[in-house]
>>> print(open('query36.csv').read())   # CSV, C-alpha atoms
chain,number,residue,atom,x,y,z
T,1,VAL,CA,24.0,31.8,-5.9
T,2,ALA,CA,26.5,34.5,-4.9
T,3,GLY,CA,29.1,33.2,-7.3
T,4,ALA,CA,26.7,32.7,-10.2
T,5,SER,CA,26.6,35.0,-13.2
T,6,GLY,CA,23.6,37.2,-13.9
T,7,PRO,CA,21.6,34.8,-16.0
T,8,GLY,CA,22.5,31.9,-13.7
T,9,ARG,CA,21.5,33.8,-10.6
T,10,ARG,CA,18.1,34.7,-12.2
T,11,ALA,CA,17.6,31.0,-13.1
T,12,LEU,CA,18.4,29.8,-9.6
T,13,LEU,CA,16.0,32.5,-8.1
T,14,GLY,CA,13.3,31.5,-10.5
T,15,LEU,CA,13.8,27.8,-9.6
T,16,GLY,CA,13.5,28.7,-5.9
T,17,ALA,CA,10.3,30.7,-6.5
T,18,VAL,CA,8.8,27.8,-8.5
T,19,SER,CA,9.8,25.3,-5.7
T,20,ALA,CA,8.1,27.6,-3.1
T,21,VAL,CA,5.0,27.9,-5.2
T,22,ALA,CA,4.9,24.1,-5.6
T,23,LEU,CA,5.3,23.5,-1.9
T,24,VAL,CA,2.5,26.0,-1.1
T,25,SER,CA,0.3,24.4,-3.7
T,26,ALA,CA,1.0,20.9,-2.4
T,27,ALA,CA,0.1,22.0,1.1
T,28,ALA,CA,-3.1,23.6,-0.1
T,29,LEU,CA,-4.1,20.5,-2.0
T,30,THR,CA,-3.4,18.4,1.1
T,31,ALA,CA,-5.5,20.7,3.3
T,32,ASN,CA,-8.3,20.6,0.8
T,33,ALA,CA,-8.2,16.8,0.5
T,34,GLU,CA,-8.4,16.5,4.3
T,35,PRO,CA,-11.8,15.1,5.6
T,36,GLY,CA,-14.0,17.7,7.3
T,37,PRO,CA,-15.7,17.4,10.7
T,38,ASP,CA,-17.6,14.2,11.2
T,39,GLU,CA,-19.4,14.3,14.6
T,40,ARG,CA,-21.0,10.9,14.1
T,41,SER,CA,-17.6,9.3,14.2
T,42,LEU,CA,-16.8,10.9,17.5
T,43,PRO,CA,-17.6,9.0,20.7
T,44,ARG,CA,-20.2,10.2,23.2
T,45,ARG,CA,-17.7,9.5,26.0
T,46,TYR,CA,-14.2,10.9,25.9
T,47,ASP,CA,-11.6,8.5,24.5
T,48,ALA,CA,-8.1,10.0,24.1
T,49,GLU,CA,-7.0,7.3,21.7
T,50,HIS,CA,-10.1,7.6,19.5
T,51,VAL,CA,-9.7,11.4,19.4
T,52,ALA,CA,-6.0,11.1,18.5
T,53,ALA,CA,-6.9,8.7,15.6
T,54,TYR,CA,-9.6,11.1,14.5
T,55,PHE,CA,-7.3,14.1,14.3
T,56,ALA,CA,-4.4,12.1,12.8
T,57,GLU,CA,-6.6,12.3,9.6
T,58,ARG,CA,-7.1,16.1,10.0
T,59,PRO,CA,-3.6,17.6,10.7
T,60,TRP,CA,-4.4,20.8,9.0
T,61,ALA,CA,-7.4,21.4,11.2
T,62,VAL,CA,-5.1,21.0,14.2
T,63,ARG,CA,-2.4,23.4,12.7
T,64,ARG,CA,-5.0,26.1,11.9
T,65,ARG,CA,-6.5,25.9,15.4
T,66,CYS,CA,-3.0,26.0,17.1
T,67,TRP,CA,-2.1,29.1,15.1
T,68,GLU,CA,-5.4,30.7,16.1
T,69,VAL,CA,-4.9,30.0,19.8
T,70,VAL,CA,-1.2,31.1,19.7
T,71,ARG,CA,-2.1,34.3,17.9
T,72,GLN,CA,-4.7,35.3,20.5
T,73,VAL,CA,-3.1,34.1,23.7
T,74,THR,CA,0.6,35.0,23.2
T,75,PRO,CA,0.4,38.9,23.2
T,76,LEU,CA,-1.9,38.8,26.3
T,77,LEU,CA,0.3,36.3,28.1
T,78,LEU,CA,3.5,38.3,27.4
T,79,ARG,CA,2.0,41.6,28.7
T,80,LEU,CA,0.6,39.8,31.7
T,81,LEU,CA,3.9,38.3,32.6
T,82,PHE,CA,5.7,41.6,32.2
T,83,ASP,CA,3.2,43.5,34.4
T,84,TRP,CA,3.4,40.7,37.0
T,85,LYS,CA,7.2,40.9,37.0
T,86,MET,CA,7.0,44.7,37.4
T,87,GLY,CA,4.4,44.4,40.3
T,88,ALA,CA,1.7,46.3,38.3
T,89,LEU,CA,-0.9,43.7,39.1
T,90,GLN,CA,-1.2,45.0,42.6
T,91,ASP,CA,-3.3,47.7,41.2
T,92,ASP,CA,-7.0,46.7,41.3
T,93,ALA,CA,-7.9,48.7,38.2
T,94,LYS,CA,-5.1,47.0,36.2
T,95,CYS,CA,-6.1,43.6,37.5
T,96,LYS,CA,-9.7,44.3,36.6
T,97,ALA,CA,-8.7,45.3,33.0
T,98,TYR,CA,-6.7,42.1,32.6
T,99,ALA,CA,-9.6,40.0,33.9
T,100,VAL,CA,-12.0,41.5,31.3
T,101,GLU,CA,-9.5,40.9,28.6
T,102,VAL,CA,-8.9,37.3,29.7
T,103,ARG,CA,-12.6,36.7,29.7
T,104,GLU,CA,-13.0,38.1,26.2
T,105,VAL,CA,-10.2,36.0,24.9
T,106,LEU,CA,-11.5,32.8,26.4
T,107,ALA,CA,-15.0,33.6,25.1
T,108,ASP,CA,-13.6,34.2,21.6
T,109,LEU,CA,-11.5,31.0,21.6
T,110,GLY,CA,-14.6,28.9,22.2
T,111,PRO,CA,-16.2,26.3,24.5
T,112,ALA,CA,-13.2,24.4,25.8
T,113,PHE,CA,-11.5,27.6,26.8
T,114,ILE,CA,-14.7,28.9,28.3
T,115,LYS,CA,-15.0,25.7,30.3
T,116,ALA,CA,-11.4,26.3,31.6
T,117,GLY,CA,-12.4,29.8,32.6
T,118,GLN,CA,-15.5,28.5,34.4
T,119,ALA,CA,-13.4,26.0,36.3
T,120,LEU,CA,-11.1,28.8,37.4
T,121,SER,CA,-14.0,31.0,38.4
T,122,ILE,CA,-14.7,28.9,41.5
T,123,ARG,CA,-11.0,28.8,42.7
T,124,PRO,CA,-10.5,31.7,45.2
T,125,ASP,CA,-7.4,29.9,46.3
T,126,LEU,CA,-5.8,30.6,42.9
T,127,LEU,CA,-7.3,33.9,41.8
T,128,PRO,CA,-8.3,37.3,43.4
T,129,GLU,CA,-12.0,38.1,43.8
T,130,VAL,CA,-12.0,40.7,41.0
T,131,VAL,CA,-10.9,38.0,38.5
T,132,LEU,CA,-13.3,35.4,39.8
T,133,LYS,CA,-16.3,37.7,39.4
T,134,GLU,CA,-15.3,38.5,35.8
T,135,LEU,CA,-14.8,34.8,34.9
T,136,GLN,CA,-18.2,33.9,36.4
T,137,ARG,CA,-19.7,35.8,33.6
T,138,LEU,CA,-18.6,33.0,31.3
T,139,CYS,CA,-21.2,30.7,33.0
T,140,ASP,CA,-24.3,32.4,31.4
T,141,ASP,CA,-23.2,35.5,29.6
T,142,CYS,CA,-21.4,34.2,26.5
T,143,PRO,CA,-22.0,35.4,22.9
T,144,ALA,CA,-25.2,33.8,21.6
T,145,ILE,CA,-25.5,32.1,18.2
T,146,THR,CA,-28.0,33.5,15.7
T,147,TRP,CA,-31.6,32.5,15.7
T,148,ALA,CA,-31.2,31.0,12.2
T,149,GLU,CA,-28.5,28.6,13.6
T,150,ALA,CA,-30.5,27.8,16.7
T,151,ARG,CA,-33.7,27.1,14.7
T,152,ALA,CA,-31.9,24.9,12.2
T,153,THR,CA,-30.6,22.7,15.1
T,154,LEU,CA,-33.9,22.6,16.9
T,155,GLU,CA,-35.9,21.6,13.8
T,156,ALA,CA,-33.3,19.0,12.7
T,157,GLU,CA,-33.2,17.4,16.2
T,158,LEU,CA,-37.0,17.5,16.8
T,159,GLY,CA,-37.9,16.5,13.3
T,160,GLN,CA,-40.8,19.0,13.0
T,161,SER,CA,-41.5,22.7,12.7
T,162,LEU,CA,-41.1,24.7,16.0
T,163,GLY,CA,-44.6,26.1,15.4
T,164,ASP,CA,-46.1,22.6,15.8
T,165,VAL,CA,-44.4,22.2,19.3
T,166,PHE,CA,-44.3,25.7,20.9
T,167,ALA,CA,-46.8,28.5,21.0
T,168,ASP,CA,-46.5,32.3,20.6
T,169,LEU,CA,-43.0,32.2,19.0
T,170,ASP,CA,-41.6,35.5,17.9
T,171,ASP,CA,-40.0,35.9,14.5
T,172,SER,CA,-36.6,36.2,16.1
T,173,PRO,CA,-36.7,35.2,19.8
T,174,GLN,CA,-33.8,36.1,22.0
T,175,PRO,CA,-32.3,33.5,24.5
T,176,VAL,CA,-32.6,34.2,28.2
T,177,ALA,CA,-29.0,32.9,28.7
T,178,ALA,CA,-26.1,31.8,26.6
T,179,ALA,CA,-23.3,29.5,27.9
T,180,SER,CA,-20.3,27.8,26.5
T,181,LEU,CA,-22.1,24.8,24.8
T,182,GLY,CA,-25.6,26.1,24.2
T,183,GLN,CA,-28.3,28.7,25.0
T,184,VAL,CA,-31.7,28.6,26.6
T,185,TYR,CA,-35.1,29.9,25.5
T,186,ARG,CA,-38.3,30.3,27.5
T,187,TRP,CA,-41.3,29.1,25.5
T,188,LYS,CA,-44.8,27.8,26.0
T,189,ARG,CA,-45.3,24.2,25.2
T,190,LYS,CA,-48.3,23.8,22.8
T,191,ARG,CA,-49.7,20.6,24.0
T,192,ASP,CA,-50.5,21.7,27.5
T,193,GLY,CA,-49.6,25.4,27.7
T,194,SER,CA,-46.9,25.0,30.3
T,195,ILE,CA,-43.8,27.2,30.3
T,196,VAL,CA,-40.6,25.2,29.5
T,197,ALA,CA,-36.9,25.9,29.3
T,198,VAL,CA,-35.5,24.8,25.9
T,199,LYS,CA,-31.7,24.4,25.7
T,200,VAL,CA,-30.2,24.0,22.3
T,201,GLN,CA,-26.6,23.2,21.6
T,202,ARG,CA,-24.4,25.3,19.4
T,203,PRO,CA,-23.7,23.8,16.0
T,204,GLY,CA,-20.6,21.7,15.5
T,205,MET,CA,-19.7,21.6,19.2
T,206,ALA,CA,-18.4,18.0,19.3
T,207,HIS,CA,-15.7,18.6,16.7
T,208,ILE,CA,-14.8,22.0,18.1
T,209,VAL,CA,-14.6,20.9,21.7
T,210,VAL,CA,-12.7,17.7,21.1
T,211,LEU,CA,-10.2,19.5,18.8
T,212,ASP,CA,-9.3,21.9,21.6
T,213,LEU,CA,-9.1,19.1,24.1
T,214,TYR,CA,-6.7,17.2,21.8
T,215,ILE,CA,-4.5,20.3,21.5
T,216,LEU,CA,-4.6,20.9,25.3
T,217,ARG,CA,-3.7,17.3,25.9
T,218,ARG,CA,-0.5,17.7,23.8
T,219,VAL,CA,0.3,20.9,25.8
T,220,ALA,CA,-0.2,18.9,29.0
T,221,ARG,CA,2.2,16.2,27.9
T,222,PHE,CA,4.8,18.9,27.2
T,223,VAL,CA,4.2,20.6,30.6
T,224,ARG,CA,4.5,17.3,32.4
T,225,PHE,CA,7.8,16.6,30.7
T,226,VAL,CA,9.3,20.0,31.5
T,227,VAL,CA,8.1,20.0,35.1
T,228,ARG,CA,9.5,16.5,35.7
T,229,GLN,CA,12.9,17.6,34.3
T,230,ILE,CA,13.3,20.7,36.5
T,231,SER,CA,11.6,19.5,39.7
T,232,TRP,CA,10.7,16.4,41.8
T,233,THR,CA,7.0,17.1,41.2
T,234,ARG,CA,5.2,14.0,39.8
T,235,VAL,CA,1.8,15.5,39.1
T,236,ASP,CA,0.5,13.9,36.0
T,237,HIS,CA,-0.9,16.8,34.0
T,238,VAL,CA,-2.2,14.5,31.3
T,239,VAL,CA,-4.3,12.5,33.7
T,240,LEU,CA,-5.8,15.7,35.1
T,241,LEU,CA,-6.6,16.9,31.6
T,242,ASP,CA,-8.2,13.6,30.7
T,243,ALA,CA,-10.4,13.8,33.9
T,244,TRP,CA,-11.6,17.3,33.0
T,245,ALA,CA,-12.0,16.4,29.3
T,246,SER,CA,-14.3,13.4,30.2
T,247,GLY,CA,-16.6,15.7,32.1
T,248,THR,CA,-16.6,18.3,29.3
T,249,VAL,CA,-17.4,15.8,26.6
T,250,ALA,CA,-20.2,14.2,28.7
T,251,GLU,CA,-21.8,17.7,28.8
T,252,LEU,CA,-22.2,17.5,25.0
T,253,ASP,CA,-24.7,14.7,25.4
T,254,TYR,CA,-28.0,16.2,26.5
T,255,GLU,CA,-29.7,12.8,26.6
T,256,ASN,CA,-27.1,11.8,29.3
T,257,GLU,CA,-27.8,15.1,31.1
T,258,ALA,CA,-31.6,14.3,31.0
T,259,ARG,CA,-30.9,10.9,32.6
T,260,ASN,CA,-28.7,12.4,35.3
T,261,GLN,CA,-31.4,15.0,36.0
T,262,ASP,CA,-34.0,12.3,36.4
T,263,ARG,CA,-31.8,10.4,38.8
T,264,PHE,CA,-31.0,13.6,40.7
T,265,ARG,CA,-34.7,14.4,41.0
T,266,GLU,CA,-35.5,10.9,42.3
T,267,GLU,CA,-32.6,10.8,44.9
T,268,LEU,CA,-33.4,14.3,46.2
T,269,ALA,CA,-37.1,13.6,46.5
T,270,LEU,CA,-36.2,10.8,49.0
T,271,ARG,CA,-33.6,12.7,50.9
T,272,MET,CA,-34.6,16.4,50.9
T,273,ARG,CA,-38.4,15.9,51.5
T,274,GLY,CA,-39.4,18.7,49.2
T,275,ARG,CA,-36.8,21.3,50.3
T,276,VAL,CA,-35.1,21.1,46.9
T,277,TYR,CA,-37.0,21.0,43.6
T,278,VAL,CA,-35.5,19.6,40.4
T,279,PRO,CA,-37.3,20.5,37.1
T,280,GLN,CA,-38.9,17.7,35.2
T,281,VAL,CA,-37.5,16.6,31.8
T,282,ASP,CA,-39.7,16.4,28.7
T,283,HIS,CA,-38.1,13.3,27.2
T,284,CYS,CA,-40.4,13.4,24.2
T,285,LEU,CA,-38.7,16.7,23.1
T,286,SER,CA,-35.2,16.0,24.3
T,287,THR,CA,-32.4,14.7,22.1
T,288,ARG,CA,-28.6,14.6,22.1
T,289,ARG,CA,-28.5,18.4,21.3
T,290,VAL,CA,-31.8,19.6,22.7
T,291,LEU,CA,-33.0,19.5,26.3
T,292,VAL,CA,-36.5,20.6,27.3
T,293,THR,CA,-37.4,20.9,31.0
T,294,GLU,CA,-40.1,22.7,33.0
T,295,TRP,CA,-39.4,26.3,33.7
T,296,ILE,CA,-38.7,27.3,37.3
T,297,ASP,CA,-38.4,30.9,38.6
T,298,GLY,CA,-35.8,31.5,41.3
T,299,PRO,CA,-32.5,33.1,42.1
T,300,ARG,CA,-29.2,32.0,40.7
T,301,LEU,CA,-27.2,29.6,42.8
T,302,ALA,CA,-24.3,32.0,42.8
T,303,ASP,CA,-26.5,34.7,44.2
T,304,CYS,CA,-27.9,32.6,47.1
T,305,SER,CA,-26.6,32.9,50.7
T,306,PRO,CA,-24.2,30.1,51.9
>>> encode(input="query36.csv", output="structure tokens")
Amino acid sequence: VAGASGPGRRALLGLGAVSAVALVSAAALTANAEPGPDERSLPRRYDAEHVAAYFAERPWAVRRRCWEVVRQVTPLLLRLLFDWKMGALQDDAKCKAYAVEVREVLADLGPAFIKAGQALSIRPDLLPEVVLKELQRLCDDCPAITWAEARATLEAELGQSLGDVFADLDDSPQPVAAASLGQVYRWKRKRDGSIVAVKVQRPGMAHIVVLDLYILRRVARFVRFVVRQISWTRVDHVVLLDAWASGTVAELDYENEARNQDRFREELALRMRGRVYVPQVDHCLSTRRVLVTEWIDGPRLADCSP
């Protein structure tokens, strides 16, 4: 281009611009032709190979999510590493400020990252107390979905109007708690007047959670490779990730949770002789994305004495 004449240079630049536009257009067409989320094709139990095949058909969804994660995590991580290197994290106020920011970033990134924060919130061997307390807020103080979204999921899962099932519903009821995968309402069951806890899953959770697990698994493979190149450590980070992912995906199936709660209730009834009470599940109103149990008043487990 440097040696070309004026008209030749303009022609080459124009050709380059046209090529760039063509590439962008082709990428856009590829992204638009990509299949959207299809939760019915995702397994109820975590299967790494099945997940890899699912997202092999959705590469642009993976790229967009990777960019979103990198965009939010990188600035925080760089500042955190700099302050750690400078010894600034010894200051409690600074540490508290970072803990709040980490919690907010994890909550914004979604369920899989919230789950990671919840797992770290019970590790006093890894993190200071001020960070643990902040991360514990991820257990039941996450941003709630709108009532319109919750109602649409509830009525689709139950197959009937909420007014036919629950009594004294407000026009826009507020959840009593919101966690990573769903949120809980306290309502009166119409058929017998008893108070029940109604947990409804956030929309699109299966696709969102499994997408993040797929990305984290690729990160774990990279970490495993690097660690084995620079040390004698033979910890298999991928196996650890798969074990955690299996539990996370299992939590998406509320019917499985209902069965586990029934078994827990039966086993404890035999062993604890009434000292521990497990709420009863209403299987008639419980589905894969909705779980209804009797309401029990009591302190949070985290607030109880050892």
>>> closest_atom_pairs(input="query36.csv", of="segment 138-254 of chain T", to="segment 104-115 of chain T", cutoff="10 Å", atoms="all atoms listed in the file", output="Markdown table")
| residue | atom | partner | partner_atom | distance |
| --- | --- | --- | --- | --- |
| T:Leu138 | CA | T:Ile114 | CA | 6.4 |
| T:Cys139 | CA | T:Ile114 | CA | 8.2 |
| T:Asp141 | CA | T:Ala107 | CA | 9.5 |
| T:Cys142 | CA | T:Ala107 | CA | 6.6 |
| T:Pro143 | CA | T:Ala107 | CA | 7.6 |
| T:Ala179 | CA | T:Pro111 | CA | 8.5 |
| T:Ser180 | CA | T:Pro111 | CA | 4.8 |
| T:Leu181 | CA | T:Pro111 | CA | 6.1 |
| T:Gly182 | CA | T:Pro111 | CA | 9.4 |
| T:Arg202 | CA | T:Pro111 | CA | 9.7 |
| T:Met205 | CA | T:Pro111 | CA | 7.9 |
| T:Ile208 | CA | T:Pro111 | CA | 7.8 |
| T:Val209 | CA | T:Ala112 | CA | 5.6 |
| T:Val210 | CA | T:Ala112 | CA | 8.2 |
| T:Leu211 | CA | T:Ala112 | CA | 9.1 |
| T:Asp212 | CA | T:Ala112 | CA | 6.3 |
| T:Leu213 | CA | T:Ala112 | CA | 6.9 |
| T:Leu216 | CA | T:Ala112 | CA | 9.3 |
| T:Trp244 | CA | T:Lys115 | CA | 9.5 |
| T:Ala245 | CA | T:Ala112 | CA | 8.8 |
| T:Thr248 | CA | T:Lys115 | CA | 7.6 |
| T:Val249 | CA | T:Ala112 | CA | 9.6 |
>>> residues_around(input="query36.csv", residues="Gln183 of chain T", least_positions_apart="4", cutoff="8 Å", atoms="all atoms listed in the file", output="NGL selection string")
:T and (144 or 175-179 or 199-202)
>>> residues_around(input="query36.csv", residues="Ala197 of chain T", least_positions_apart="2", cutoff="7 Å", atoms="only C-alpha atoms", output="list in words")
Val184, Tyr185, Arg186, Trp187, Lys199, Val292, Thr293, Glu294 and Trp295 of chain T
>>> closest_residue(input="query36.csv", among="T:Leu162, T:Pro279, T:Val102, T:Tyr54", to="Ala150 of chain T", atoms="all atoms listed in the file")
T:Leu162
>>> residues_around(input="query36.csv", residues="Val131 of chain T", least_positions_apart="5", cutoff="9 Å", atoms="all atoms listed in the file", output="PyMOL selection string")
chain T and resi 95-96+98-100+121+136
>>> write_last_selection(input="query36.csv", atoms="C-alpha atoms", output="CSV table (one decimal), in the frame of the given file")
chain,number,residue,atom,x,y,z
T,95,CYS,CA,-6.1,43.6,37.5
T,96,LYS,CA,-9.7,44.3,36.6
T,98,TYR,CA,-6.7,42.1,32.6
T,99,ALA,CA,-9.6,40.0,33.9
T,100,VAL,CA,-12.0,41.5,31.3
T,121,SER,CA,-14.0,31.0,38.4
T,136,GLN,CA,-18.2,33.9,36.4
>>> atom_distance(input="query36.csv", atom1="atom CA of Val276 of chain T", atom2="atom CA of Ala258 of chain T")
17.6 Å
>>> closest_atom_pairs(input="query36.csv", of="segment 84-177 of chain T", to="segment 283-288 of chain T", cutoff="9 Å", atoms="all atoms listed in the file", output="CSV")
residue,atom,partner,partner_atom,distance
T:Glu157,CA,T:Thr287,CA,6.5
T:Leu158,CA,T:Leu285,CA,6.6
T:Val165,CA,T:Leu285,CA,8.8
>>> atom_distance(input="query36.csv", atom1="atom CA of Leu240 of chain T", atom2="atom CA of Ser41 of chain T")
24.8 Å
>>> atom_distance(input="query36.csv", atom1="atom CA of Arg217 of chain T", atom2="atom CA of His237 of chain T")
8.6 Å
>>> residues_near_point(input="query36.csv", point="(0.0, 11.6, 32.3)", cutoff="10 Å", atoms="all atoms listed in the file", output="PyMOL selection string")
chain T and resi 217+220-221+224-225+234-242
>>> write_last_selection(input="query36.csv", atoms="C-alpha atoms", output="PDB file, in the coordinates of the input")
ATOM      1  CA  ARG T 217      -3.700  17.300  25.900  1.00  0.00           C
ATOM      2  CA  ALA T 220      -0.200  18.900  29.000  1.00  0.00           C
ATOM      3  CA  ARG T 221       2.200  16.200  27.900  1.00  0.00           C
ATOM      4  CA  ARG T 224       4.500  17.300  32.400  1.00  0.00           C
ATOM      5  CA  PHE T 225       7.800  16.600  30.700  1.00  0.00           C
ATOM      6  CA  ARG T 234       5.200  14.000  39.800  1.00  0.00           C
ATOM      7  CA  VAL T 235       1.800  15.500  39.100  1.00  0.00           C
ATOM      8  CA  ASP T 236       0.500  13.900  36.000  1.00  0.00           C
ATOM      9  CA  HIS T 237      -0.900  16.800  34.000  1.00  0.00           C
ATOM     10  CA  VAL T 238      -2.200  14.500  31.300  1.00  0.00           C
ATOM     11  CA  VAL T 239      -4.300  12.500  33.700  1.00  0.00           C
ATOM     12  CA  LEU T 240      -5.800  15.700  35.100  1.00  0.00           C
ATOM     13  CA  LEU T 241      -6.600  16.900  31.600  1.00  0.00           C
ATOM     14  CA  ASP T 242      -8.200  13.600  30.700  1.00  0.00           C
TER      15      ASP T 242
END
>>> residues_near_point(input="query36.csv", point="(-33.7, 15.8, 43.4)", cutoff="7 Å", atoms="all atoms listed in the file", output="ChimeraX atom specification")
/T:264-269,276-278
>>> closest_residue(input="query36.csv", among="T:Pro43, T:Pro75, T:Pro124, T:Pro37", to="Trp60 of chain T", atoms="only C-alpha atoms")
T:Pro37
>>> closest_residue(input="query36.csv", among="T:Cys66, T:Val51, T:Val290, T:Ala250", to="Arg151 of chain T", atoms="only C-alpha atoms")
T:Val290
>>> closest_residue(input="query36.csv", among="T:Asp168, T:Leu135, T:Val196, T:Ile215", to="Ala116 of chain T", atoms="all atoms listed in the file")
T:Leu135
>>> closest_residue(input="query36.csv", among="T:Gln280, T:Thr74, T:Ser246, T:Ser161", to="Asp262 of chain T", atoms="all atoms listed in the file")
T:Gln280
>>> decode(input="query36.csv", residues="segment 176-225 of chain T", atoms="C-alpha atoms", output="short mmCIF file (atom, residue, chain, number, x, y, z; two decimals), in the first residue's frame")
data_model
loop_
_atom_site.label_atom_id
_atom_site.label_comp_id
_atom_site.auth_asym_id
_atom_site.auth_seq_id
_atom_site.Cartn_x
_atom_site.Cartn_y
_atom_site.Cartn_z
CA VAL T 176 -39.14 -13.48 51.55
CA ALA T 177 -35.72 -14.55 50.24
CA ALA T 178 -33.89 -14.73 46.92
CA ALA T 179 -30.95 -17.04 46.28
CA SER T 180 -28.81 -17.97 43.30
CA LEU T 181 -31.24 -20.33 41.54
CA GLY T 182 -34.63 -19.21 42.79
CA GLN T 183 -36.67 -17.25 45.29
CA VAL T 184 -39.21 -18.10 47.98
CA TYR T 185 -42.71 -16.79 48.71
CA ARG T 186 -44.84 -17.33 51.82
CA TRP T 187 -48.45 -18.02 50.84
CA LYS T 188 -51.61 -19.65 52.13
CA ARG T 189 -52.61 -22.87 50.39
CA LYS T 190 -56.24 -22.59 49.30
CA ARG T 191 -57.33 -26.19 49.78
CA ASP T 192 -56.60 -26.34 53.53
CA GLY T 193 -55.57 -22.83 54.60
CA SER T 194 -52.07 -23.88 55.69
CA ILE T 195 -49.06 -21.62 55.20
CA VAL T 196 -46.53 -22.94 52.68
CA ALA T 197 -43.13 -21.96 51.31
CA VAL T 198 -43.18 -21.72 47.51
CA LYS T 199 -39.77 -21.79 45.82
CA VAL T 200 -39.71 -20.86 42.15
CA GLN T 201 -36.69 -21.17 39.90
CA ARG T 202 -35.37 -18.25 37.91
CA PRO T 203 -36.17 -18.53 34.17
CA GLY T 204 -33.56 -20.08 31.88
CA MET T 205 -31.40 -21.36 34.73
CA ALA T 206 -30.38 -24.66 33.14
CA HIS T 207 -28.82 -23.01 30.07
CA ILE T 208 -27.22 -20.18 32.07
CA VAL T 209 -25.71 -22.39 34.76
CA VAL T 210 -24.42 -25.06 32.39
CA LEU T 211 -22.87 -22.40 30.11
CA ASP T 212 -20.82 -21.03 33.01
CA LEU T 213 -19.84 -24.52 34.12
CA TYR T 214 -18.68 -25.29 30.57
CA ILE T 215 -16.50 -22.17 30.56
CA LEU T 216 -15.14 -22.82 34.06
CA ARG T 217 -14.25 -26.37 33.04
CA ARG T 218 -12.13 -25.04 30.18
CA VAL T 219 -10.45 -22.68 32.64
CA ALA T 220 -9.83 -25.63 34.98
CA ARG T 221 -8.14 -27.55 32.15
CA PHE T 222 -5.83 -24.60 31.50
CA VAL T 223 -5.03 -24.19 35.22
CA ARG T 224 -4.29 -27.92 35.53
CA PHE T 225 -1.90 -27.75 32.58
#
